[in-house]
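For reference, run.tsv (TSV, C-alpha atoms and all ligand atoms):
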chain	number	residue	atom	x	y	z
P	1	MET	CA	49.40	41.75	-23.01
P	2	LYS	CA	47.75	41.12	-26.36
P	3	VAL	CA	45.90	43.99	-28.05
P	4	THR	CA	42.86	41.73	-28.33
P	5	ASP	CA	42.94	41.06	-24.56
P	6	HIS	CA	43.15	44.80	-23.84
P	7	ILE	CA	40.06	45.21	-26.02
P	8	LYS	CA	38.20	42.32	-24.38
P	9	LYS	CA	38.92	43.70	-20.90
P	10	ALA	CA	37.98	47.29	-21.75
P	11	LYS	CA	34.71	48.83	-20.61
P	12	GLU	CA	35.06	51.78	-22.99
P	13	THR	CA	36.98	52.93	-26.06
P	14	LEU	CA	40.74	52.62	-25.54
P	15	PHE	CA	43.46	55.12	-26.47
P	16	SER	CA	46.58	54.15	-28.42
P	17	PHE	CA	49.06	55.85	-30.69
P	18	GLU	CA	51.86	55.29	-33.17
P	19	ILE	CA	55.33	56.81	-33.20
P	20	LEU	CA	58.07	56.92	-35.82
P	21	PRO	CA	61.61	55.93	-34.83
P	22	PRO	CA	63.66	59.15	-34.67
P	23	LEU	CA	66.17	59.92	-37.39
P	24	LYS	CA	69.51	58.23	-36.80
P	25	GLY	CA	71.79	60.18	-34.50
P	26	LYS	CA	69.01	61.34	-32.18
P	27	ASN	CA	69.00	59.92	-28.68
P	28	VAL	CA	66.38	57.93	-26.77
P	29	GLN	CA	65.11	61.09	-25.06
P	30	SER	CA	63.73	62.27	-28.41
P	31	ILE	CA	61.45	59.19	-28.36
P	32	PHE	CA	60.36	59.84	-24.77
P	33	ASP	CA	59.69	63.51	-25.56
P	34	GLY	CA	57.03	62.35	-28.02
P	35	ILE	CA	55.51	59.78	-25.65
P	36	ASP	CA	55.63	61.59	-22.26
P	37	PRO	CA	52.85	64.09	-23.05
P	38	LEU	CA	50.45	61.26	-23.99
P	39	MET	CA	51.00	58.90	-21.04
P	40	GLU	CA	48.41	60.69	-18.85
P	41	PHE	CA	45.72	59.29	-21.19
P	42	LYS	CA	46.79	55.72	-20.32
P	43	PRO	CA	47.50	54.23	-23.74
P	44	LYS	CA	47.17	50.47	-23.73
P	45	PHE	CA	49.75	50.08	-26.48
P	46	VAL	CA	52.19	52.18	-28.49
P	47	ASN	CA	53.01	51.23	-32.08
P	48	VAL	CA	56.45	51.75	-33.57
P	49	THR	CA	56.67	52.04	-37.35
P	50	TYR	CA	59.34	50.35	-39.46
P	51	HIS	CA	61.20	52.21	-42.20
P	52	ARG	CA	63.06	50.52	-44.98
P	53	GLU	CA	66.43	51.42	-46.31
P	54	GLU	CA	66.59	53.85	-49.23
P	55	TYR	CA	68.97	53.64	-52.14
P	56	VAL	CA	71.00	56.56	-53.46
P	57	TYR	CA	73.56	56.73	-56.26
P	58	LYS	CA	76.98	58.23	-55.44
P	59	GLU	CA	79.52	59.10	-58.11
P	60	ARG	CA	82.85	57.34	-57.65
P	61	GLU	CA	86.24	58.81	-58.65
P	62	ASN	CA	86.21	56.85	-61.93
P	63	GLY	CA	82.91	58.48	-62.85
P	64	LEU	CA	80.85	55.35	-62.31
P	65	LEU	CA	77.79	55.46	-60.10
P	66	GLU	CA	77.62	53.32	-56.98
P	67	LYS	CA	74.31	52.25	-55.49
P	68	ILE	CA	74.35	52.73	-51.72
P	69	ALA	CA	71.75	51.68	-49.17
P	70	ILE	CA	70.96	54.24	-46.48
P	71	ARG	CA	68.94	53.63	-43.31
P	72	LYS	CA	67.61	56.94	-42.03
P	73	ARG	CA	65.78	55.51	-39.04
P	74	PRO	CA	66.77	52.64	-36.74
P	75	GLY	CA	64.74	49.42	-36.47
P	76	THR	CA	62.05	48.79	-33.88
P	77	VAL	CA	63.54	46.25	-31.46
P	78	GLY	CA	65.62	48.66	-29.36
P	79	ILE	CA	62.90	51.31	-29.37
P	80	CYS	CA	60.22	48.83	-28.25
P	81	ALA	CA	62.54	47.68	-25.43
P	82	ALA	CA	63.13	51.28	-24.33
P	83	ILE	CA	59.38	52.04	-24.34
P	84	MET	CA	58.43	48.92	-22.39
P	85	ASN	CA	61.21	49.47	-19.89
P	86	LYS	CA	60.35	53.10	-19.20
P	87	TYR	CA	56.55	53.04	-19.31
P	88	GLN	CA	55.53	49.39	-18.70
P	89	VAL	CA	53.17	49.71	-21.65
P	90	ASP	CA	52.85	47.26	-24.54
P	91	ALA	CA	54.95	48.27	-27.54
P	92	VAL	CA	53.76	47.00	-30.91
P	93	PRO	CA	56.48	46.81	-33.56
P	94	HIS	CA	55.50	47.03	-37.21
P	95	LEU	CA	56.88	44.15	-39.22
P	96	ILE	CA	57.14	44.51	-42.99
P	97	CYS	CA	57.76	42.16	-45.89
P	98	GLY	CA	59.92	44.60	-47.87
P	99	GLY	CA	63.66	44.02	-47.55
P	100	PHE	CA	63.35	40.91	-45.38
P	101	SER	CA	63.95	37.26	-46.18
P	102	LYS	CA	61.81	34.74	-44.32
P	103	GLU	CA	64.81	33.80	-42.21
P	104	GLU	CA	65.50	37.42	-41.25
P	105	THR	CA	61.83	37.80	-40.33
P	106	GLU	CA	62.06	34.70	-38.19
P	107	ASN	CA	65.17	36.03	-36.44
P	108	ALA	CA	63.48	39.38	-35.80
P	109	LEU	CA	60.46	37.60	-34.33
P	110	ILE	CA	62.67	35.51	-32.05
P	111	ASP	CA	64.31	38.72	-30.76
P	112	LEU	CA	60.87	40.24	-30.19
P	113	GLN	CA	59.72	37.17	-28.31
P	114	PHE	CA	62.77	37.32	-26.01
P	115	LEU	CA	61.90	40.93	-25.31
P	116	GLY	CA	58.42	39.97	-24.14
P	117	ILE	CA	56.62	41.59	-27.07
P	118	ASP	CA	53.10	40.15	-27.40
P	119	ASN	CA	51.88	41.90	-30.57
P	120	VAL	CA	53.10	42.67	-34.08
P	121	LEU	CA	51.42	44.66	-36.83
P	122	ALA	CA	52.21	42.72	-40.02
P	123	LEU	CA	52.41	44.76	-43.23
P	124	ARG	CA	53.71	44.50	-46.73
P	125	GLY	CA	55.43	47.90	-46.75
P	126	ASP	CA	55.55	50.28	-49.69
P	127	SER	CA	57.91	50.16	-52.62
P	128	ILE	CA	61.13	52.08	-52.10
P	129	LYS	CA	61.62	55.33	-54.03
P	130	THR	CA	63.82	53.72	-56.67
P	131	GLU	CA	61.20	51.03	-57.51
P	132	SER	CA	58.06	51.71	-59.52
P	133	SER	CA	56.18	48.96	-57.71
P	134	PHE	CA	56.73	46.80	-54.64
P	135	ARG	CA	59.41	44.12	-55.10
P	136	PRO	CA	59.77	41.53	-52.36
P	137	HIS	CA	63.10	40.17	-51.12
P	138	LYS	CA	63.90	37.13	-53.27
P	139	ASP	CA	63.47	34.87	-50.22
P	140	GLY	CA	60.77	36.97	-48.64
P	141	HIS	CA	57.05	37.67	-48.90
P	142	GLN	CA	55.06	39.37	-51.64
P	143	TYR	CA	51.99	40.21	-49.55
P	144	ALA	CA	51.17	40.84	-45.91
P	145	VAL	CA	49.01	37.71	-45.91
P	146	ASP	CA	52.17	35.61	-46.44
P	147	LEU	CA	53.98	37.35	-43.58
P	148	ILE	CA	50.94	36.81	-41.34
P	149	GLY	CA	51.06	33.14	-42.39
P	150	GLN	CA	54.69	32.92	-41.27
P	151	VAL	CA	53.97	34.46	-37.85
P	152	SER	CA	50.96	32.13	-37.45
P	153	GLU	CA	53.15	29.15	-38.31
P	154	MET	CA	55.66	30.20	-35.64
P	155	ASN	CA	52.72	30.49	-33.25
P	156	SER	CA	52.09	26.80	-33.97
P	157	GLY	CA	55.76	25.90	-33.50
P	158	SER	CA	56.70	25.70	-37.17
P	159	TYR	CA	59.90	27.58	-38.03
P	160	GLN	CA	61.99	27.94	-41.21
P	161	MET	CA	64.36	25.28	-39.88
P	162	ASP	CA	61.71	22.62	-40.33
P	163	ASP	CA	63.78	19.70	-39.06
P	164	ILE	CA	63.84	21.07	-35.51
P	165	GLN	CA	60.92	21.11	-33.08
P	166	LEU	CA	60.86	24.55	-31.48
P	167	ALA	CA	58.71	26.22	-28.86
P	168	PRO	CA	55.73	28.01	-30.39
P	169	THR	CA	55.60	31.79	-30.17
P	170	ASP	CA	52.39	33.51	-29.09
P	171	PHE	CA	52.14	36.75	-31.03
P	172	CYS	CA	48.84	38.54	-31.46
P	173	ILE	CA	48.91	39.67	-35.10
P	174	GLY	CA	47.42	42.90	-36.40
P	175	ALA	CA	46.85	43.79	-40.07
P	176	ALA	CA	46.20	47.00	-42.00
P	177	GLY	CA	42.80	47.88	-43.49
P	178	TYR	CA	41.83	50.69	-45.85
P	179	PRO	CA	38.37	52.29	-45.51
P	180	GLU	CA	39.06	54.19	-48.76
P	181	LYS	CA	40.68	51.18	-50.47
P	182	HIS	CA	44.39	50.44	-50.83
P	183	PHE	CA	45.67	52.45	-53.79
P	184	GLU	CA	46.81	49.38	-55.75
P	185	ALA	CA	43.59	47.40	-55.29
P	186	MET	CA	41.31	46.94	-58.29
P	187	ASN	CA	38.31	47.94	-56.20
P	188	LEU	CA	37.13	47.95	-52.60
P	189	SER	CA	35.57	44.54	-52.97
P	190	THR	CA	38.82	42.77	-53.98
P	191	ASP	CA	40.69	44.71	-51.30
P	192	LEU	CA	38.20	43.44	-48.72
P	193	GLN	CA	38.60	39.86	-49.93
P	194	TYR	CA	42.38	40.17	-49.46
P	195	LEU	CA	41.76	41.67	-46.03
P	196	LYS	CA	39.61	38.64	-45.17
P	197	ALA	CA	42.47	36.40	-46.34
P	198	LYS	CA	44.75	38.17	-43.83
P	199	VAL	CA	42.26	37.47	-41.04
P	200	ASP	CA	41.87	33.86	-42.17
P	201	ALA	CA	45.68	33.56	-42.13
P	202	GLY	CA	45.79	34.63	-38.47
P	203	ALA	CA	45.31	38.40	-38.10
P	204	GLU	CA	43.34	38.98	-34.90
P	205	TYR	CA	42.65	42.67	-35.27
P	206	ILE	CA	42.76	45.37	-37.95
P	207	VAL	CA	44.06	48.94	-37.72
P	208	THR	CA	42.81	51.27	-40.42
P	209	GLN	CA	44.61	53.73	-42.57
P	210	MET	CA	43.86	57.31	-41.51
P	211	PHE	CA	40.53	58.72	-42.68
P	212	PHE	CA	38.85	62.07	-42.16
P	213	ASP	CA	35.29	61.08	-42.93
P	214	ASN	CA	33.85	58.80	-40.25
P	215	SER	CA	31.14	57.54	-42.61
P	216	LYS	CA	33.91	55.85	-44.63
P	217	TYR	CA	35.00	53.94	-41.51
P	218	PHE	CA	31.45	52.94	-40.57
P	219	GLU	CA	30.75	51.71	-44.12
P	220	PHE	CA	34.05	49.83	-44.15
P	221	VAL	CA	33.24	48.06	-40.86
P	222	GLU	CA	29.81	47.13	-42.21
P	223	ALA	CA	31.31	45.77	-45.44
P	224	CYS	CA	33.87	43.75	-43.43
P	225	ARG	CA	31.16	42.26	-41.23
P	226	LYS	CA	29.12	41.32	-44.30
P	227	ILE	CA	31.93	39.16	-45.67
P	228	GLY	CA	32.60	37.47	-42.34
P	229	ILE	CA	35.44	39.58	-40.89
P	230	THR	CA	34.59	39.53	-37.21
P	231	VAL	CA	37.83	40.79	-35.58
P	232	PRO	CA	38.06	44.24	-33.92
P	233	ILE	CA	38.62	47.08	-36.43
P	234	ILE	CA	40.54	49.93	-34.80
P	235	PRO	CA	40.10	53.33	-36.49
P	236	GLY	CA	43.31	55.29	-37.15
P	237	LEU	CA	43.19	59.10	-36.95
P	238	LYS	CA	45.74	61.71	-37.93
P	239	PRO	CA	45.38	65.36	-36.94
P	240	ILE	CA	46.36	67.61	-39.87
P	241	LYS	CA	49.10	69.93	-38.67
P	242	SER	CA	50.57	72.02	-41.45
P	243	MET	CA	49.88	73.75	-44.76
P	244	ASN	CA	52.04	71.07	-46.34
P	245	HIS	CA	49.81	68.29	-44.94
P	246	ILE	CA	46.81	69.66	-46.82
P	247	SER	CA	48.04	68.26	-50.12
P	248	PHE	CA	50.57	65.73	-48.80
P	249	LEU	CA	48.18	63.51	-46.83
P	250	PRO	CA	45.69	62.84	-49.68
P	251	LYS	CA	48.56	62.33	-52.12
P	252	PHE	CA	50.66	60.03	-49.96
P	253	PHE	CA	47.92	58.10	-48.15
P	254	HIS	CA	45.29	58.08	-50.93
P	255	ILE	CA	42.53	59.51	-48.78
P	256	ASP	CA	39.95	62.29	-49.32
P	257	TYR	CA	38.91	65.16	-47.10
P	258	PRO	CA	35.17	65.54	-46.64
P	259	GLU	CA	33.83	68.81	-48.02
P	260	GLU	CA	33.18	70.37	-44.62
P	261	LEU	CA	36.85	69.87	-43.65
P	262	SER	CA	38.26	71.00	-47.01
P	263	LYS	CA	36.24	74.25	-46.72
P	264	GLU	CA	37.84	74.97	-43.34
P	265	LEU	CA	41.31	74.07	-44.62
P	266	LEU	CA	40.94	76.41	-47.58
P	267	LYS	CA	40.47	79.32	-45.18
P	268	CYS	CA	43.80	78.62	-43.40
P	269	LYS	CA	46.70	81.00	-44.01
P	270	ASN	CA	49.43	79.40	-41.88
P	271	ASN	CA	50.42	76.24	-40.00
P	272	ALA	CA	48.92	77.44	-36.72
P	273	GLU	CA	45.51	77.81	-38.34
P	274	VAL	CA	45.77	74.36	-39.95
P	275	THR	CA	46.77	72.86	-36.58
P	276	ALA	CA	43.71	74.41	-34.94
P	277	VAL	CA	41.42	73.01	-37.66
P	278	GLY	CA	43.15	69.61	-37.36
P	279	VAL	CA	42.55	69.49	-33.60
P	280	GLU	CA	38.91	70.56	-33.92
P	281	TRP	CA	38.31	67.97	-36.63
P	282	GLY	CA	40.11	65.28	-34.63
P	283	ILE	CA	37.91	66.03	-31.61
P	284	HIS	CA	34.79	65.90	-33.78
P	285	GLN	CA	35.83	62.55	-35.33
P	286	SER	CA	36.91	61.06	-31.99
P	287	LYS	CA	33.67	62.04	-30.21
P	288	GLU	CA	31.59	60.39	-32.90
P	289	LEU	CA	33.73	57.24	-32.96
P	290	LYS	CA	33.69	56.97	-29.18
P	291	ALA	CA	29.92	57.40	-29.13
P	292	ALA	CA	29.76	54.52	-31.63
P	293	ASN	CA	31.70	52.43	-29.09
P	294	VAL	CA	34.70	51.64	-31.31
P	295	PRO	CA	37.18	49.34	-29.51
P	296	CYS	CA	40.07	51.81	-29.52
P	297	ILE	CA	41.08	55.03	-31.29
P	298	HIS	CA	44.61	54.86	-32.64
P	299	TYR	CA	46.34	58.18	-33.35
P	300	TYR	CA	49.16	58.71	-35.82
P	301	THR	CA	51.52	61.18	-34.13
P	302	MET	CA	54.12	61.26	-36.92
P	303	SER	CA	56.63	62.34	-34.23
P	304	ASN	CA	54.52	65.25	-33.04
P	305	SER	CA	52.23	64.57	-30.13
P	306	SER	CA	50.92	68.07	-29.33
P	307	SER	CA	47.76	67.87	-31.48
P	308	VAL	CA	47.02	64.32	-30.31
P	309	LYS	CA	47.34	65.57	-26.72
P	310	SER	CA	44.86	68.40	-27.38
P	311	ILE	CA	42.39	65.90	-28.84
P	312	ALA	CA	42.92	63.25	-26.15
P	313	LYS	CA	42.25	65.84	-23.40
P	314	GLU	CA	38.72	66.21	-24.72
P	315	ILE	CA	38.06	62.51	-25.30
P	316	PHE	CA	39.86	60.29	-22.75
P	401	LIG	P1	48.77	43.86	-48.40
P	401	LIG	O1	47.70	43.42	-47.47
P	401	LIG	O2	49.75	42.85	-48.86
P	401	LIG	O3	48.05	44.53	-49.66
P	401	LIG	C1	48.79	45.23	-50.64
P	401	LIG	C2	47.99	45.32	-51.92
P	401	LIG	O4	47.95	44.03	-52.53
P	401	LIG	C3	46.52	45.72	-51.75
P	401	LIG	O5	46.16	46.47	-52.86
P	401	LIG	C4	45.77	44.39	-51.71
P	401	LIG	O6	44.43	44.55	-52.16
P	401	LIG	C5	46.61	43.56	-52.67
P	401	LIG	N1	46.68	42.14	-52.31
P	401	LIG	C6	46.77	41.60	-51.09
P	401	LIG	N2	46.88	40.26	-51.17
P	401	LIG	C7	46.89	39.95	-52.49
P	401	LIG	C8	47.00	38.74	-53.22
P	401	LIG	N3	47.12	37.56	-52.60
P	401	LIG	N4	46.98	38.79	-54.60
P	401	LIG	C9	46.84	39.99	-55.23
P	401	LIG	N5	46.73	41.17	-54.58
P	401	LIG	C10	46.76	41.14	-53.23
P	401	LIG	N6	54.50	50.84	-44.16
P	401	LIG	C11	55.77	50.72	-43.74
P	401	LIG	O7	56.69	50.62	-44.56
P	401	LIG	N7	56.09	50.73	-42.41
P	401	LIG	C12	55.14	50.83	-41.43
P	401	LIG	O8	55.46	50.83	-40.25
P	401	LIG	C13	53.76	50.93	-41.84
P	401	LIG	N8	52.76	51.01	-40.94
P	401	LIG	C14	51.45	51.04	-41.35
P	401	LIG	C15	50.41	51.01	-40.40
P	401	LIG	C16	49.08	51.03	-40.80
P	401	LIG	C17	47.98	50.98	-39.76
P	401	LIG	C18	48.76	51.09	-42.19
P	401	LIG	C19	47.32	51.15	-42.63
P	401	LIG	C20	49.78	51.11	-43.14
P	401	LIG	C21	51.13	51.07	-42.74
P	401	LIG	N9	52.18	51.06	-43.67
P	401	LIG	C22	53.48	50.95	-43.24
P	401	LIG	C23	51.90	51.18	-45.09
P	401	LIG	C24	51.71	49.81	-45.78
P	401	LIG	O9	52.90	49.07	-45.73
P	401	LIG	C25	51.30	50.10	-47.22
P	401	LIG	O10	50.00	50.65	-47.27
P	401	LIG	C26	51.44	48.94	-48.19
P	401	LIG	O11	51.34	49.48	-49.52
P	401	LIG	C27	50.39	47.85	-48.06
P	401	LIG	O12	50.55	47.14	-46.93
P	401	LIG	P2	49.49	46.01	-46.50
P	401	LIG	O13	50.03	45.31	-45.34
P	401	LIG	O14	48.13	46.56	-46.42
P	401	LIG	O15	49.61	45.06	-47.82

Is it possible to give me this structure as structure tokens?
Amino acid sequence: MKVTDHIKKAKETLFSFEILPPLKGKNVQSIFDGIDPLMEFKPKFVNVTYHREEYVYKERENGLLEKIAIRKRPGTVGICAAIMNKYQVDAVPHLICGGFSKEETENALIDLQFLGIDNVLALRGDSIKTESSFRPHKDGHQYAVDLIGQVSEMNSGSYQMDDIQLAPTDFCIGAAGYPEKHFEAMNLSTDLQYLKAKVDAGAEYIVTQMFFDNSKYFEFVEACRKIGITVPIIPGLKPIKSMNHISFLPKFFHIDYPEELSKELLKCKNNAEVTAVGVEWGIHQSKELKAANVPCIHYYTMSNSSSVKSIAKEIF
């Protein structure tokens, strides 16, 4: 079922979460171990992130360096199939521009359609470590809006092979939004205009980047509504879990901690204390968002569901 239909049918705020594919070599049980503890809260959909290849240089016998592509995590198709088969819940694969030609994207979408996948979250993806800025595949897409355009075209029966009439797909397309602005955007206003372009191109709902200050989300929703973005905007929350997260999350995701939270984090001496603060803060954020009747709260588990479980127990 489409995410937008789940939202339309719902009488109260829904619960959903995102998982990372496990590192290569781990078995399917490692995926289920992360999902099992959260199923009692009846998620309506489970997102599966996509991770690009990385490049490393290996020295050959002749002393020359060879550039080698390494995939640390598998793709999403098999994992989505496993999730849908075991839990009968909608799995939402993340689809990225980076590393894909339009034809490869089309092929991936055809596979997803055969699987019975109804939703995709369409993203640009970040630059890989060896690139200073994002570089698209030479036959691929530069921005998420272009990828969304391709999925929308397939939804109207227009494929890359334009001489053949093919059956239209029927994907519900999600897009990413940034309450604290995407780090490359000139300002929030241009970022919002590009977000509107994604909705105009066919995105039917938005999932936000994590944020720790609910007022940023509420202001973001208001700003979106002002420029005519009317689709559901699902807040994304991440419970802080470790001492390392304290500096990693703001650095990697370009977000700020509100002062009240940073004061509590500064008192923490170990991971257990950070986890406790993260759960308390997640409960506080979730209660306020639920009271504001948001369509769904989407939790980033980052392969560790225990904190999300502690929060969900209090909220759903
Ligand atoms: P875009 O919407 O293309 O925007 C990228 C930047 O370009 C922004 O600064 C925007 O303002 C600007 N821009 C957009 N359109 C134009 C235009 N036409 N002209 C000029 N500038 C423009 N990454 C992964 O690799 N895998 C994942 O699974 C993944 N999941 C995510 C899930 C969520 C909910 C979120 C919020 C992010 C996720 N990301 C993931 C990270 C995401 O790929 C990065 O944040 C990426 O840098 C931007 O992706 P986007 O889809 O928002 O890009």

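The nearest approach to ligand LIG 401 (chain P) among the residues P:Met84, P:Val89, P:Met186, P:Met243, with all atoms listed in the file taken into account, belongs to P:Met186.
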
Each side padded by 4 Å, which centre and which edge lengths in Å (one decimal) define the axis-aligned box around the listed atoms of ligand LIG 401 (chain P)? Give them as lines of an AutoDock Vina configuration file.
center_x = 50.6
center_y = 44.4
center_z = -47.5
size_x = 20.3
size_y = 21.6
size_z = 23.5

Discussion item. Between P:Ile128, P:Ala82, P:Val277, P:Leu23, which residue has the minimum interatomic distance to ligand LIG 401 (chain P), considering all atoms listed in the file?
Written reply: P:Ile128

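What separates atom CA of P:Lys24 from atom CA of P:Pro74 is a distance of 6.2 Å.
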
Discussion item. Neighbours of ligand LIG 401 (chain P) at 7 Å or closer, counting all atoms listed in the file: which residues, as a VMD selection string?
Written reply: chain P and resid 48 to 52 94 to 96 122 to 126 142 to 145 175 to 178 182 to 185 190 to 191 194 to 195 207 to 209 236
